[in-house]
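Novice: Enclosed is the structure file query.cif (mmCIF, C-alpha atoms).
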```cif
data_work
loop_
_atom_site.label_atom_id
_atom_site.label_comp_id
_atom_site.auth_asym_id
_atom_site.auth_seq_id
_atom_site.Cartn_x
_atom_site.Cartn_y
_atom_site.Cartn_z
CA MET T 1 15.66 28.70 -28.56
CA PRO T 2 14.54 25.08 -28.87
CA ASP T 3 13.11 23.48 -25.75
CA PRO T 4 15.85 21.23 -24.30
CA HIS T 5 13.24 18.88 -22.83
CA PRO T 6 10.65 16.94 -24.82
CA ARG T 7 7.18 17.93 -23.68
CA THR T 8 5.66 14.53 -24.47
CA PRO T 9 7.09 12.15 -21.84
CA ARG T 10 8.36 8.77 -22.96
CA ARG T 11 6.15 6.25 -21.27
CA PRO T 12 8.02 3.69 -19.16
CA PRO T 13 6.88 0.08 -19.51
CA LEU T 14 3.89 -0.69 -17.31
CA ALA T 15 5.65 -3.86 -16.11
CA LEU T 16 8.50 -1.71 -14.78
CA LEU T 17 6.11 0.58 -12.88
CA ILE T 18 4.49 -2.50 -11.35
CA ALA T 19 7.91 -3.87 -10.38
CA VAL T 20 9.14 -0.68 -8.70
CA SER T 21 5.84 -0.42 -6.80
CA ALA T 22 5.80 -4.06 -5.67
CA THR T 23 9.28 -4.22 -4.11
CA GLY T 24 8.12 -2.50 -0.92
CA PRO T 25 5.07 -4.73 -0.26
CA LEU T 26 7.14 -7.81 -1.13
CA SER T 27 9.91 -6.86 1.29
CA LEU T 28 7.42 -6.17 4.07
CA ASN T 29 6.55 -9.77 4.81
CA ILE T 30 8.67 -12.15 2.72
CA PHE T 31 10.86 -12.90 5.73
CA VAL T 32 7.99 -13.35 8.22
CA PRO T 33 8.36 -17.18 8.22
CA SER T 34 12.00 -16.66 9.25
CA MET T 35 11.20 -14.55 12.32
CA PRO T 36 11.29 -17.47 14.81
CA GLY T 37 14.62 -18.52 13.32
CA ILE T 38 15.97 -14.98 13.58
CA GLN T 39 14.93 -14.96 17.23
CA ARG T 40 17.00 -18.08 17.87
CA VAL T 41 20.01 -16.99 15.81
CA PHE T 42 20.34 -13.62 17.56
CA HIS T 43 19.29 -14.90 21.02
CA THR T 44 16.62 -12.26 21.49
CA ASP T 45 12.92 -12.10 22.32
CA TYR T 46 10.12 -12.13 19.79
CA THR T 47 8.99 -8.61 20.68
CA THR T 48 12.35 -7.28 19.56
CA VAL T 49 12.20 -9.28 16.34
CA GLN T 50 8.76 -7.78 15.63
CA LEU T 51 10.41 -4.36 15.43
CA THR T 52 11.69 -5.44 12.03
CA LEU T 53 8.07 -5.18 10.91
CA THR T 54 6.83 -2.28 13.03
CA LEU T 55 9.69 0.08 12.24
CA TYR T 56 9.57 -0.93 8.59
CA LEU T 57 5.97 0.28 8.44
CA ILE T 58 6.82 3.53 10.24
CA GLY T 59 9.77 4.24 7.95
CA PHE T 60 7.69 3.36 4.90
CA ALA T 61 4.91 5.76 5.94
CA VAL T 62 7.05 8.75 6.92
CA ALA T 63 9.43 8.60 3.95
CA GLN T 64 6.49 8.94 1.56
CA LEU T 65 6.13 12.54 2.71
CA LEU T 66 9.65 13.28 1.41
CA TYR T 67 9.76 11.48 -1.92
CA GLY T 68 6.70 13.16 -3.39
CA PRO T 69 7.85 16.80 -3.05
CA LEU T 70 11.44 15.85 -3.95
CA SER T 71 10.24 14.27 -7.18
CA ASP T 72 8.21 17.41 -7.95
CA ARG T 73 11.33 19.52 -7.54
CA PHE T 74 14.14 17.38 -8.95
CA GLY T 75 12.29 15.06 -11.32
CA ARG T 76 10.92 11.53 -11.05
CA ARG T 77 13.89 9.62 -12.43
CA PRO T 78 16.72 10.79 -10.10
CA VAL T 79 14.56 10.54 -7.00
CA LEU T 80 13.35 7.05 -7.90
CA LEU T 81 16.87 5.84 -8.72
CA ALA T 82 18.16 7.26 -5.43
CA GLY T 83 15.38 5.50 -3.52
CA GLN T 84 16.13 2.22 -5.25
CA GLY T 85 19.79 2.62 -4.33
CA VAL T 86 18.85 3.14 -0.68
CA TYR T 87 16.59 0.08 -0.86
CA LEU T 88 19.42 -2.07 -2.23
CA ALA T 89 21.81 -0.79 0.45
CA GLY T 90 19.28 -1.59 3.17
CA SER T 91 18.74 -5.10 1.79
CA LEU T 92 22.49 -5.75 1.82
CA LEU T 93 22.76 -4.40 5.37
CA CYS T 94 20.02 -6.85 6.44
CA LEU T 95 21.82 -9.69 4.68
CA MET T 96 25.11 -8.99 6.46
CA ALA T 97 23.63 -7.98 9.85
CA PRO T 98 25.76 -9.31 12.72
CA GLY T 99 23.02 -8.76 15.30
CA ILE T 100 19.37 -7.92 15.74
CA GLY T 101 20.10 -4.18 16.11
CA ALA T 102 21.81 -4.05 12.73
CA LEU T 103 18.99 -6.07 11.18
CA ILE T 104 16.39 -3.62 12.50
CA ALA T 105 18.45 -0.68 11.20
CA GLY T 106 18.74 -2.37 7.83
CA ARG T 107 15.00 -2.84 7.71
CA VAL T 108 14.41 0.86 8.36
CA VAL T 109 16.85 1.80 5.58
CA GLN T 110 15.19 -0.72 3.32
CA ALA T 111 11.74 0.74 4.03
CA VAL T 112 12.89 4.32 3.39
CA GLY T 113 14.17 3.25 -0.02
CA ALA T 114 11.31 0.89 -0.87
CA CYS T 115 8.53 3.45 -0.65
CA ALA T 116 10.13 5.59 -3.39
CA GLY T 117 8.88 3.20 -6.03
CA MET T 118 5.26 3.32 -4.91
CA VAL T 119 5.16 7.12 -4.52
CA VAL T 120 7.03 8.03 -7.68
CA ALA T 121 5.29 5.43 -9.86
CA ARG T 122 1.91 6.98 -9.01
CA ALA T 123 3.27 10.44 -9.87
CA ILE T 124 4.69 9.15 -13.18
CA ILE T 125 1.29 7.76 -14.14
CA GLN T 126 -0.26 11.12 -13.36
CA ASP T 127 2.38 12.83 -15.53
CA ILE T 128 1.60 10.79 -18.61
CA TYR T 129 -2.13 10.05 -18.31
CA LYS T 130 -5.25 12.04 -17.61
CA ARG T 131 -7.35 10.89 -14.65
CA GLU T 132 -9.73 8.61 -16.56
CA LYS T 133 -6.75 6.84 -18.13
CA ALA T 134 -4.57 7.08 -15.02
CA ALA T 135 -7.10 5.12 -12.95
CA PRO T 136 -6.82 1.93 -15.06
CA MET T 137 -3.02 2.14 -15.03
CA LEU T 138 -3.03 2.55 -11.25
CA ALA T 139 -5.40 -0.41 -11.03
CA TYR T 140 -2.88 -2.64 -12.77
CA VAL T 141 -0.13 -1.37 -10.48
CA HIS T 142 -2.31 -2.08 -7.44
CA SER T 143 -2.86 -5.63 -8.70
CA GLY T 144 0.88 -6.21 -8.65
CA MET T 145 1.19 -4.60 -5.23
CA ALA T 146 -1.51 -6.96 -3.91
CA ALA T 147 0.12 -10.02 -5.44
CA ALA T 148 3.54 -9.33 -3.91
CA PRO T 149 2.59 -9.63 -0.21
CA MET T 150 0.28 -12.54 -1.05
CA ILE T 151 3.08 -14.70 -2.46
CA GLY T 152 5.89 -13.26 -0.31
CA PRO T 153 5.44 -15.41 2.83
CA SER T 154 5.10 -18.57 0.74
CA ILE T 155 8.39 -17.88 -1.03
CA GLY T 156 10.04 -16.84 2.22
CA GLY T 157 8.90 -20.03 3.94
CA LEU T 158 10.48 -22.21 1.26
CA LEU T 159 13.71 -20.22 1.34
CA GLU T 160 13.83 -20.50 5.14
CA VAL T 161 13.48 -24.30 4.97
CA TRP T 162 16.00 -24.74 2.17
CA PHE T 163 18.68 -22.13 2.91
CA GLY T 164 17.99 -20.26 6.19
CA TRP T 165 16.80 -16.77 7.16
CA GLN T 166 19.31 -14.85 5.03
CA ALA T 167 18.02 -16.34 1.78
CA SER T 168 15.01 -14.02 1.68
CA PHE T 169 17.28 -10.99 1.82
CA VAL T 170 19.48 -12.44 -0.92
CA LEU T 171 16.41 -12.73 -3.13
CA ILE T 172 15.03 -9.24 -2.49
CA ALA T 173 18.52 -7.72 -2.89
CA ALA T 174 18.79 -9.43 -6.27
CA ILE T 175 15.30 -8.22 -7.22
CA GLY T 176 16.22 -4.70 -6.10
CA ALA T 177 19.39 -4.73 -8.19
CA GLY T 178 17.48 -6.00 -11.24
CA VAL T 179 14.74 -3.37 -10.91
CA LEU T 180 17.35 -0.63 -10.44
CA ALA T 181 19.20 -1.73 -13.57
CA ALA T 182 15.96 -1.82 -15.56
CA SER T 183 15.05 1.65 -14.30
CA VAL T 184 18.41 3.07 -15.39
CA PHE T 185 17.78 1.92 -18.97
CA TYR T 186 14.01 2.15 -19.41
CA LEU T 187 12.58 4.67 -16.94
CA HIS T 188 12.79 8.06 -18.61
CA GLU T 189 12.02 11.40 -17.01
CA THR T 190 8.36 12.44 -17.13
CA HIS T 191 8.55 15.66 -15.08
CA TRP T 192 11.02 18.52 -15.49
CA GLY T 193 11.05 20.41 -12.21
CA GLU T 194 7.89 22.38 -12.86
CA GLY T 195 6.57 21.73 -9.37
CA GLN T 196 7.16 23.46 -6.08
CA ALA T 197 10.48 23.79 -4.24
CA ALA T 198 11.54 20.98 -1.97
CA GLY T 199 12.63 22.80 1.16
CA ILE T 200 11.05 21.82 4.47
CA THR T 201 8.95 25.00 4.61
CA ASP T 202 7.81 24.54 1.02
CA MET T 203 6.89 20.91 1.72
CA VAL T 204 4.75 21.93 4.67
CA VAL T 205 3.13 24.69 2.62
CA GLY T 206 2.46 22.25 -0.23
CA PHE T 207 0.90 19.70 2.11
CA GLY T 208 -1.19 22.44 3.70
CA HIS T 209 -2.39 23.54 0.27
CA LEU T 210 -3.53 20.01 -0.52
CA LEU T 211 -5.19 19.44 2.86
CA ARG T 212 -7.19 22.66 2.46
CA ARG T 213 -8.73 21.34 -0.74
CA PRO T 214 -11.89 19.29 -0.06
CA VAL T 215 -11.49 17.37 -3.31
CA PHE T 216 -8.06 16.09 -2.27
CA CYS T 217 -9.19 15.22 1.25
CA GLY T 218 -12.26 13.47 -0.11
CA HIS T 219 -10.25 11.25 -2.44
CA ALA T 220 -7.34 10.66 -0.05
CA PHE T 221 -9.49 9.75 2.97
CA GLN T 222 -11.74 7.58 0.81
CA VAL T 223 -8.64 5.56 -0.08
CA ALA T 224 -7.48 5.56 3.56
CA PHE T 225 -10.76 4.32 5.03
CA THR T 226 -11.30 1.78 2.25
CA SER T 227 -7.87 0.42 3.12
CA SER T 228 -8.77 0.54 6.82
CA VAL T 229 -11.49 -2.08 6.27
CA PHE T 230 -8.74 -4.55 5.41
CA PHE T 231 -6.44 -3.49 8.25
CA ALA T 232 -9.25 -3.71 10.79
CA PHE T 233 -9.88 -7.23 9.53
CA VAL T 234 -6.20 -8.23 9.70
CA GLY T 235 -5.83 -6.63 13.13
CA GLY T 236 -8.65 -8.60 14.72
CA VAL T 237 -9.62 -11.69 12.75
CA PRO T 238 -6.60 -13.84 13.73
CA TYR T 239 -7.74 -13.47 17.36
CA VAL T 240 -11.35 -14.20 16.37
CA MET T 241 -10.40 -17.29 14.38
CA VAL T 242 -7.86 -18.83 16.76
CA ASP T 243 -9.00 -17.72 20.22
CA LEU T 244 -12.76 -17.30 19.84
CA MET T 245 -13.56 -19.90 17.20
CA GLY T 246 -10.83 -22.34 18.21
CA ARG T 247 -9.57 -22.80 14.64
CA PRO T 248 -5.91 -23.60 13.83
CA PRO T 249 -3.69 -20.84 12.35
CA SER T 250 -3.27 -22.89 9.17
CA GLU T 251 -7.01 -22.56 8.53
CA PHE T 252 -6.71 -18.80 8.79
CA GLY T 253 -4.04 -18.86 6.07
CA PHE T 254 -6.20 -21.05 3.86
CA TYR T 255 -9.24 -18.76 4.01
CA PHE T 256 -7.16 -15.59 3.80
CA ILE T 257 -6.02 -16.37 0.24
CA ALA T 258 -9.44 -15.30 -1.02
CA VAL T 259 -9.02 -11.73 0.27
CA PRO T 260 -6.02 -10.51 -1.77
CA ALA T 261 -7.21 -12.62 -4.70
CA MET T 262 -10.51 -10.71 -4.76
CA PHE T 263 -8.71 -7.38 -4.33
CA MET T 264 -6.61 -8.21 -7.40
CA THR T 265 -9.78 -9.16 -9.27
CA GLY T 266 -11.37 -5.82 -8.40
CA SER T 267 -8.25 -3.91 -9.40
CA PHE T 268 -8.00 -5.76 -12.71
CA PHE T 269 -11.69 -5.10 -13.39
CA ALA T 270 -11.14 -1.41 -12.60
CA GLY T 271 -8.26 -1.36 -15.04
CA ARG T 272 -10.49 -2.73 -17.78
CA VAL T 273 -13.61 -0.60 -17.35
CA SER T 274 -12.79 2.59 -15.39
CA ALA T 275 -12.08 4.63 -18.50
CA ARG T 276 -15.52 3.76 -19.91
CA VAL T 277 -17.57 3.83 -16.72
CA GLY T 278 -15.88 6.84 -15.12
CA SER T 279 -13.66 7.04 -12.05
CA ASP T 280 -16.20 8.57 -9.69
CA ARG T 281 -18.82 5.99 -10.61
CA MET T 282 -16.32 3.17 -10.06
CA VAL T 283 -15.49 4.52 -6.60
CA ALA T 284 -19.19 4.76 -5.76
CA ILE T 285 -19.79 1.17 -6.85
CA GLY T 286 -16.70 -0.11 -5.01
CA THR T 287 -17.43 1.67 -1.74
CA LEU T 288 -21.08 0.56 -1.83
CA ILE T 289 -19.96 -3.05 -2.32
CA ALA T 290 -17.58 -2.73 0.65
CA LEU T 291 -20.28 -1.11 2.79
CA THR T 292 -22.78 -3.87 1.94
CA ALA T 293 -20.25 -6.63 2.64
CA THR T 294 -19.19 -5.19 5.99
CA GLY T 295 -22.84 -4.64 6.87
CA ALA T 296 -23.31 -8.35 6.26
CA GLU T 297 -20.45 -9.02 8.71
CA VAL T 298 -22.31 -7.03 11.36
CA ALA T 299 -25.50 -8.98 10.63
CA TRP T 300 -23.76 -12.39 10.79
CA ASN T 301 -22.26 -11.42 14.12
CA HIS T 302 -25.56 -10.12 15.51
CA TRP T 303 -27.41 -13.29 14.52
CA ASP T 304 -24.59 -15.50 15.81
CA LEU T 305 -23.91 -16.80 12.29
CA LEU T 306 -20.27 -15.73 12.11
CA THR T 307 -18.22 -18.65 10.80
CA PRO T 308 -14.94 -18.76 8.83
CA VAL T 309 -16.98 -18.94 5.61
CA THR T 310 -19.21 -15.94 6.39
CA LEU T 311 -16.30 -14.02 7.95
CA PHE T 312 -13.85 -14.43 5.08
CA GLY T 313 -16.51 -14.59 2.37
CA SER T 314 -17.87 -11.16 3.28
CA MET T 315 -14.35 -9.74 3.59
CA ALA T 316 -13.49 -11.11 0.14
CA VAL T 317 -16.49 -9.25 -1.31
CA ALA T 318 -15.38 -6.09 0.50
CA ALA T 319 -11.89 -6.57 -0.95
CA LEU T 320 -13.43 -6.78 -4.44
CA GLY T 321 -15.05 -3.39 -3.86
CA ALA T 322 -11.80 -1.96 -2.46
CA GLY T 323 -9.92 -3.09 -5.54
CA MET T 324 -12.40 -1.15 -7.68
CA ALA T 325 -12.40 1.99 -5.50
CA GLN T 326 -8.82 2.50 -4.37
CA PRO T 327 -7.05 2.99 -7.74
CA ASN T 328 -9.70 5.43 -8.91
CA GLY T 329 -9.60 7.34 -5.63
CA MET T 330 -5.82 7.49 -5.71
CA ALA T 331 -5.91 8.80 -9.29
CA GLY T 332 -8.28 11.53 -8.13
CA ALA T 333 -6.05 12.50 -5.19
CA VAL T 334 -2.83 12.57 -7.21
CA GLY T 335 -4.45 14.47 -10.07
CA VAL T 336 -5.81 17.35 -7.98
CA ASP T 337 -2.83 19.61 -8.73
CA PRO T 338 -0.43 18.47 -11.51
CA ARG T 339 2.32 20.72 -10.12
CA ARG T 340 2.16 18.82 -6.84
CA ALA T 341 1.45 15.32 -8.14
CA GLY T 342 4.43 13.90 -6.24
CA ALA T 343 3.46 15.63 -3.00
CA ALA T 344 -0.13 14.46 -3.40
CA SER T 345 1.05 10.90 -4.00
CA GLY T 346 3.26 10.93 -0.92
CA LEU T 347 0.71 12.62 1.33
CA SER T 348 -2.16 10.36 0.27
CA GLY T 349 0.05 7.29 0.82
CA PHE T 350 1.04 8.57 4.26
CA LEU T 351 -2.59 9.17 5.20
CA GLN T 352 -3.54 5.72 3.94
CA MET T 353 -0.95 3.97 6.09
CA THR T 354 -1.37 6.07 9.24
CA VAL T 355 -5.18 5.94 9.24
CA SER T 356 -5.08 2.18 8.58
CA ALA T 357 -2.53 1.61 11.34
CA GLY T 358 -4.64 3.69 13.74
CA VAL T 359 -7.75 1.68 12.91
CA ALA T 360 -5.90 -1.61 13.43
CA THR T 361 -4.69 -0.32 16.81
CA VAL T 362 -8.23 0.59 17.84
CA VAL T 363 -9.42 -2.91 16.94
CA GLY T 364 -6.65 -4.47 18.99
CA ALA T 365 -7.50 -2.32 22.00
CA LEU T 366 -11.23 -3.12 21.84
CA LEU T 367 -11.00 -6.87 21.34
CA ALA T 368 -12.33 -8.91 24.24
CA ASP T 369 -14.67 -11.88 24.10
CA SER T 370 -16.50 -11.29 20.82
CA ALA T 371 -15.95 -10.27 17.21
CA THR T 372 -18.17 -7.20 17.59
CA PRO T 373 -15.33 -4.61 17.68
CA VAL T 374 -13.85 -6.02 14.46
CA VAL T 375 -17.02 -6.01 12.39
CA VAL T 376 -18.26 -2.66 13.74
CA VAL T 377 -14.96 -0.93 12.98
CA MET T 378 -14.92 -2.49 9.51
CA PHE T 379 -18.45 -1.25 8.81
CA THR T 380 -17.65 2.22 10.18
CA SER T 381 -14.54 2.46 7.98
CA ALA T 382 -16.55 1.48 4.89
CA ALA T 383 -19.21 4.07 5.74
CA LEU T 384 -16.57 6.79 6.17
CA ALA T 385 -15.01 5.80 2.84
CA LEU T 386 -18.34 6.34 1.08
CA MET T 387 -18.88 9.61 2.93
CA PHE T 388 -15.50 11.01 1.86
CA HIS T 389 -16.16 9.94 -1.71
CA LEU T 390 -19.32 12.02 -1.66
CA VAL T 391 -17.25 14.94 -0.33
CA ALA T 392 -14.89 14.60 -3.29
CA VAL T 393 -17.73 14.39 -5.82
CA ARG T 394 -19.41 17.45 -4.35
CA ALA T 395 -16.10 19.36 -4.39
CA HIS T 396 -15.68 18.49 -8.09
CA ASP T 397 -19.07 19.99 -8.79
#
```
The structure given in the file should be rewritten as structure tokens.
Specialist:
Amino acid sequence: MPDPHPRTPRRPPLALLIAVSATGPLSLNIFVPSMPGIQRVFHTDYTTVQLTLTLYLIGFAVAQLLYGPLSDRFGRRPVLLAGQGVYLAGSLLCLMAPGIGALIAGRVVQAVGACAGMVVARAIIQDIYKREKAAPMLAYVHSGMAAAPMIGPSIGGLLEVWFGWQASFVLIAAIGAGVLAASVFYLHETHWGEGQAAGITDMVVGFGHLLRRPVFCGHAFQVAFTSSVFFAFVGGVPYVMVDLMGRPPSEFGFYFIAVPAMFMTGSFFAGRVSARVGSDRMVAIGTLIALTATGAEVAWNHWDLLTPVTLFGSMAVAALGAGMAQPNGMAGAVGVDPRRAGAASGLSGFLQMTVSAGVATVVGALLADSATPVVVVMFTSAALALMFHLVAVRAHD
């Protein structure tokens, strides 16, 4: 009997994979400039309004654990389309929210749908490319994911001034509808249910199988701790800049532009050269750059030379290294077991977000009257990233 499924997957456009991956990061913070206005409109306190961010992150992290195994079992296309539908529904719920409770609920629904694109896109790349080719493709996707949150607040600020807080949700709902329509027509199936079953027990077993493999843990925790360098920085540097250095918040925003810009540069560079240089070598170079840059942060602080230029300049160099290391590490984690590529994508994404959130929390708890906790935690995270990379390389051997 002829095989009813083609065994050579039709490659979806790279631009579409970037778009489905970037909707979640864009939605995370595009409405941040509207938060004071939302507080006034709904007559609530700012702590409650912040739940629209906090619970979004929690929903985004946890839902990744579900989408990966589901896509292994039922295929990439239906799971991705379902997630995009949930994302669109959540965006519309936010747009029509009559109160802050409904807005928070809409944000959670939005987050649960948004993370489907990031998880499934990584699995699709693994389906159609081998690791050395998958790493450059993931690098391009990561560039788009970095650009989205960088431009999101700027767009949201303009929309808030011109049209009010609901305008941001109109825009992201329209983007969600457009990406969903494009996916219906151009995103073909790349996986035909050859993975593991998607029951709760099977998911736990699949995650346990991955976590018992040193090569997966090495790659996944390298990505998590490389990302934690950035989250430690974000969690503590606003306090350092505004409270300890006495600089205005606008100056923080000005210097911060260099960080995602350098991450995008590193990701683009990884996309161009990873296939020739080798994924493991690119991770080694990237993590060493991050370790050197964060070591410089510790030195500036110790010698009392920490200024906005040295603070953000060193972080920008670390971001360059992270952009080189993360896509290659993610390709290694997702490619450990092709039958569980979706589960590996979801689990590695979950570990990345939870470890990063934990590191940011530690920084916040340790902050007092100096920048020492920030720079030490950043350096420690970079050192752990390099250590876990060595674990992965040794496990390969």
Novice: Between atom CA of Thr361 of chain T and atom CA of Gly235 of chain T, measure the distance and give it in Å to one decimal.
Specialist: 7.4 Å
Novice: Can you list, as JSON, numbers by chain, every protein, DNA or RNA residue that comes within 9 Å of segment 207-221 of chain T when you count only C-alpha atoms, leaving out same-chain residues fewer than 2 positions away?
Specialist: {"T": [65, 202, 203, 204, 205, 223, 224, 225, 226, 328, 329, 330, 331, 332, 333, 334, 335, 336, 337, 340, 343, 344, 347, 348, 349, 351, 352, 355, 384, 385, 387, 388, 389, 390, 391, 392, 393, 394, 395, 396]}
Novice: Separation of atom CA of Arg107 of chain T and atom CA of Tyr56 of chain T, in Å?
Specialist: 5.8 Å
Novice: Evaluate the PyMOL selection byres ((chain T and resi 258-264) around 8) here and jot the selected residues down as a PDB file with C-alpha atoms, keeping the file's coordinate frame.
Specialist:
```
ATOM      1  CA  HIS T 142      -2.310  -2.080  -7.440  1.00  0.00           C
ATOM      2  CA  SER T 143      -2.860  -5.630  -8.700  1.00  0.00           C
ATOM      3  CA  GLY T 144       0.880  -6.210  -8.650  1.00  0.00           C
ATOM      4  CA  ALA T 146      -1.510  -6.960  -3.910  1.00  0.00           C
ATOM      5  CA  ALA T 147       0.120 -10.020  -5.440  1.00  0.00           C
ATOM      6  CA  MET T 150       0.280 -12.540  -1.050  1.00  0.00           C
ATOM      7  CA  TYR T 255      -9.240 -18.760   4.010  1.00  0.00           C
ATOM      8  CA  PHE T 256      -7.160 -15.590   3.800  1.00  0.00           C
ATOM      9  CA  ILE T 257      -6.020 -16.370   0.240  1.00  0.00           C
ATOM     10  CA  THR T 265      -9.780  -9.160  -9.270  1.00  0.00           C
ATOM     11  CA  GLY T 266     -11.370  -5.820  -8.400  1.00  0.00           C
ATOM     12  CA  SER T 267      -8.250  -3.910  -9.400  1.00  0.00           C
ATOM     13  CA  PHE T 268      -8.000  -5.760 -12.710  1.00  0.00           C
ATOM     14  CA  PHE T 312     -13.850 -14.430   5.080  1.00  0.00           C
ATOM     15  CA  GLY T 313     -16.510 -14.590   2.370  1.00  0.00           C
ATOM     16  CA  MET T 315     -14.350  -9.740   3.590  1.00  0.00           C
ATOM     17  CA  ALA T 316     -13.490 -11.110   0.140  1.00  0.00           C
ATOM     18  CA  VAL T 317     -16.490  -9.250  -1.310  1.00  0.00           C
ATOM     19  CA  ALA T 319     -11.890  -6.570  -0.950  1.00  0.00           C
ATOM     20  CA  LEU T 320     -13.430  -6.780  -4.440  1.00  0.00           C
ATOM     21  CA  GLY T 321     -15.050  -3.390  -3.860  1.00  0.00           C
ATOM     22  CA  ALA T 322     -11.800  -1.960  -2.460  1.00  0.00           C
ATOM     23  CA  GLY T 323      -9.920  -3.090  -5.540  1.00  0.00           C
ATOM     24  CA  MET T 324     -12.400  -1.150  -7.680  1.00  0.00           C
TER      25      MET T 324
END
```
Novice: Given the file shown, determine the residues that the PyMOL selection byres ((chain T and resi 280-285) around 7) selects; report them as a PyMOL selection string.
Specialist: chain T and resi 274+277-279+286-289+324-325+328-329
Novice: I want to know what sits within 9 Å of Phe252 of chain T, based on all atoms listed in the file, with residues of the same chain fewer than 6 positions away left out; could you give that as a list in words?
Specialist: Val237, Pro238, Met241, Val242 and Pro308 of chain T
Novice: Create the file for the chosen residues now, containing C-alpha atoms and written as a short mmCIF file (atom, residue, chain, number, x, y, z; two decimals), in the coordinates of the input.
Specialist:
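Wrote again-v8.cif, looks like this:
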```cif
data_model
loop_
_atom_site.label_atom_id
_atom_site.label_comp_id
_atom_site.auth_asym_id
_atom_site.auth_seq_id
_atom_site.Cartn_x
_atom_site.Cartn_y
_atom_site.Cartn_z
CA VAL T 237 -9.62 -11.69 12.75
CA PRO T 238 -6.60 -13.84 13.73
CA MET T 241 -10.40 -17.29 14.38
CA VAL T 242 -7.86 -18.83 16.76
CA PRO T 308 -14.94 -18.76 8.83
#
```
Novice: Select, from T:Ile38, T:Asp369, T:Ala299, T:Leu95, the residue with the minimum atom-to-atom distance to Ala167 of chain T, counting all atoms listed in the file.
Specialist: T:Leu95
Novice: On this structure, which residues satisfy the PyMOL selection byres ((chain T and resi 108) around 12), written as a PDB file with C-alpha atoms, in the frame of the given file?
Specialist:
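Saved the output as expr-v9.pdb:
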```pdb
ATOM      1  CA  GLY T  24       8.120  -2.500  -0.920  1.00  0.00           C
ATOM      2  CA  SER T  27       9.910  -6.860   1.290  1.00  0.00           C
ATOM      3  CA  LEU T  28       7.420  -6.170   4.070  1.00  0.00           C
ATOM      4  CA  LEU T  51      10.410  -4.360  15.430  1.00  0.00           C
ATOM      5  CA  THR T  52      11.690  -5.440  12.030  1.00  0.00           C
ATOM      6  CA  LEU T  53       8.070  -5.180  10.910  1.00  0.00           C
ATOM      7  CA  THR T  54       6.830  -2.280  13.030  1.00  0.00           C
ATOM      8  CA  LEU T  55       9.690   0.080  12.240  1.00  0.00           C
ATOM      9  CA  TYR T  56       9.570  -0.930   8.590  1.00  0.00           C
ATOM     10  CA  LEU T  57       5.970   0.280   8.440  1.00  0.00           C
ATOM     11  CA  ILE T  58       6.820   3.530  10.240  1.00  0.00           C
ATOM     12  CA  GLY T  59       9.770   4.240   7.950  1.00  0.00           C
ATOM     13  CA  PHE T  60       7.690   3.360   4.900  1.00  0.00           C
ATOM     14  CA  ALA T  61       4.910   5.760   5.940  1.00  0.00           C
ATOM     15  CA  VAL T  62       7.050   8.750   6.920  1.00  0.00           C
ATOM     16  CA  ALA T  63       9.430   8.600   3.950  1.00  0.00           C
ATOM     17  CA  VAL T  86      18.850   3.140  -0.680  1.00  0.00           C
ATOM     18  CA  TYR T  87      16.590   0.080  -0.860  1.00  0.00           C
ATOM     19  CA  ALA T  89      21.810  -0.790   0.450  1.00  0.00           C
ATOM     20  CA  GLY T  90      19.280  -1.590   3.170  1.00  0.00           C
ATOM     21  CA  SER T  91      18.740  -5.100   1.790  1.00  0.00           C
ATOM     22  CA  LEU T  93      22.760  -4.400   5.370  1.00  0.00           C
ATOM     23  CA  CYS T  94      20.020  -6.850   6.440  1.00  0.00           C
ATOM     24  CA  GLY T 101      20.100  -4.180  16.110  1.00  0.00           C
ATOM     25  CA  ALA T 102      21.810  -4.050  12.730  1.00  0.00           C
ATOM     26  CA  LEU T 103      18.990  -6.070  11.180  1.00  0.00           C
ATOM     27  CA  ILE T 104      16.390  -3.620  12.500  1.00  0.00           C
ATOM     28  CA  ALA T 105      18.450  -0.680  11.200  1.00  0.00           C
ATOM     29  CA  GLY T 106      18.740  -2.370   7.830  1.00  0.00           C
ATOM     30  CA  ARG T 107      15.000  -2.840   7.710  1.00  0.00           C
ATOM     31  CA  VAL T 109      16.850   1.800   5.580  1.00  0.00           C
ATOM     32  CA  GLN T 110      15.190  -0.720   3.320  1.00  0.00           C
ATOM     33  CA  ALA T 111      11.740   0.740   4.030  1.00  0.00           C
ATOM     34  CA  VAL T 112      12.890   4.320   3.390  1.00  0.00           C
ATOM     35  CA  GLY T 113      14.170   3.250  -0.020  1.00  0.00           C
ATOM     36  CA  ALA T 114      11.310   0.890  -0.870  1.00  0.00           C
ATOM     37  CA  CYS T 115       8.530   3.450  -0.650  1.00  0.00           C
TER      38      CYS T 115
END
```
Novice: Report, in Å to a single decimal, how far apart atom CA of Pro153 of chain T and atom CA of Thr372 of chain T are.
Specialist: 29.0 Å
Novice: Hey, which of T:Ser21, T:Pro98, T:Val79, T:Phe31 ends up closest to His43 of chain T? Count all atoms listed in the file.
Specialist: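 Looking at the shortest contact to His43 of chain T, the residue is T:Pro98.
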Novice: Name the residues in contact with Tyr46 of chain T at a cut-off of 8 Å, using all atoms listed in the file, excluding same-chain residues fewer than 5 positions from it; report them as a ChimeraX atom specification.
Specialist: /T:35-36,39
Novice: Name the closest residue to Leu80 of chain T among the candidates T:Gln126, T:Gln50, T:Ser154, T:Ser183; distances are taken between atoms, counting only C-alpha atoms.
Specialist: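 Using only C-alpha atoms, Leu80 of chain T sits closest to T:Ser183.
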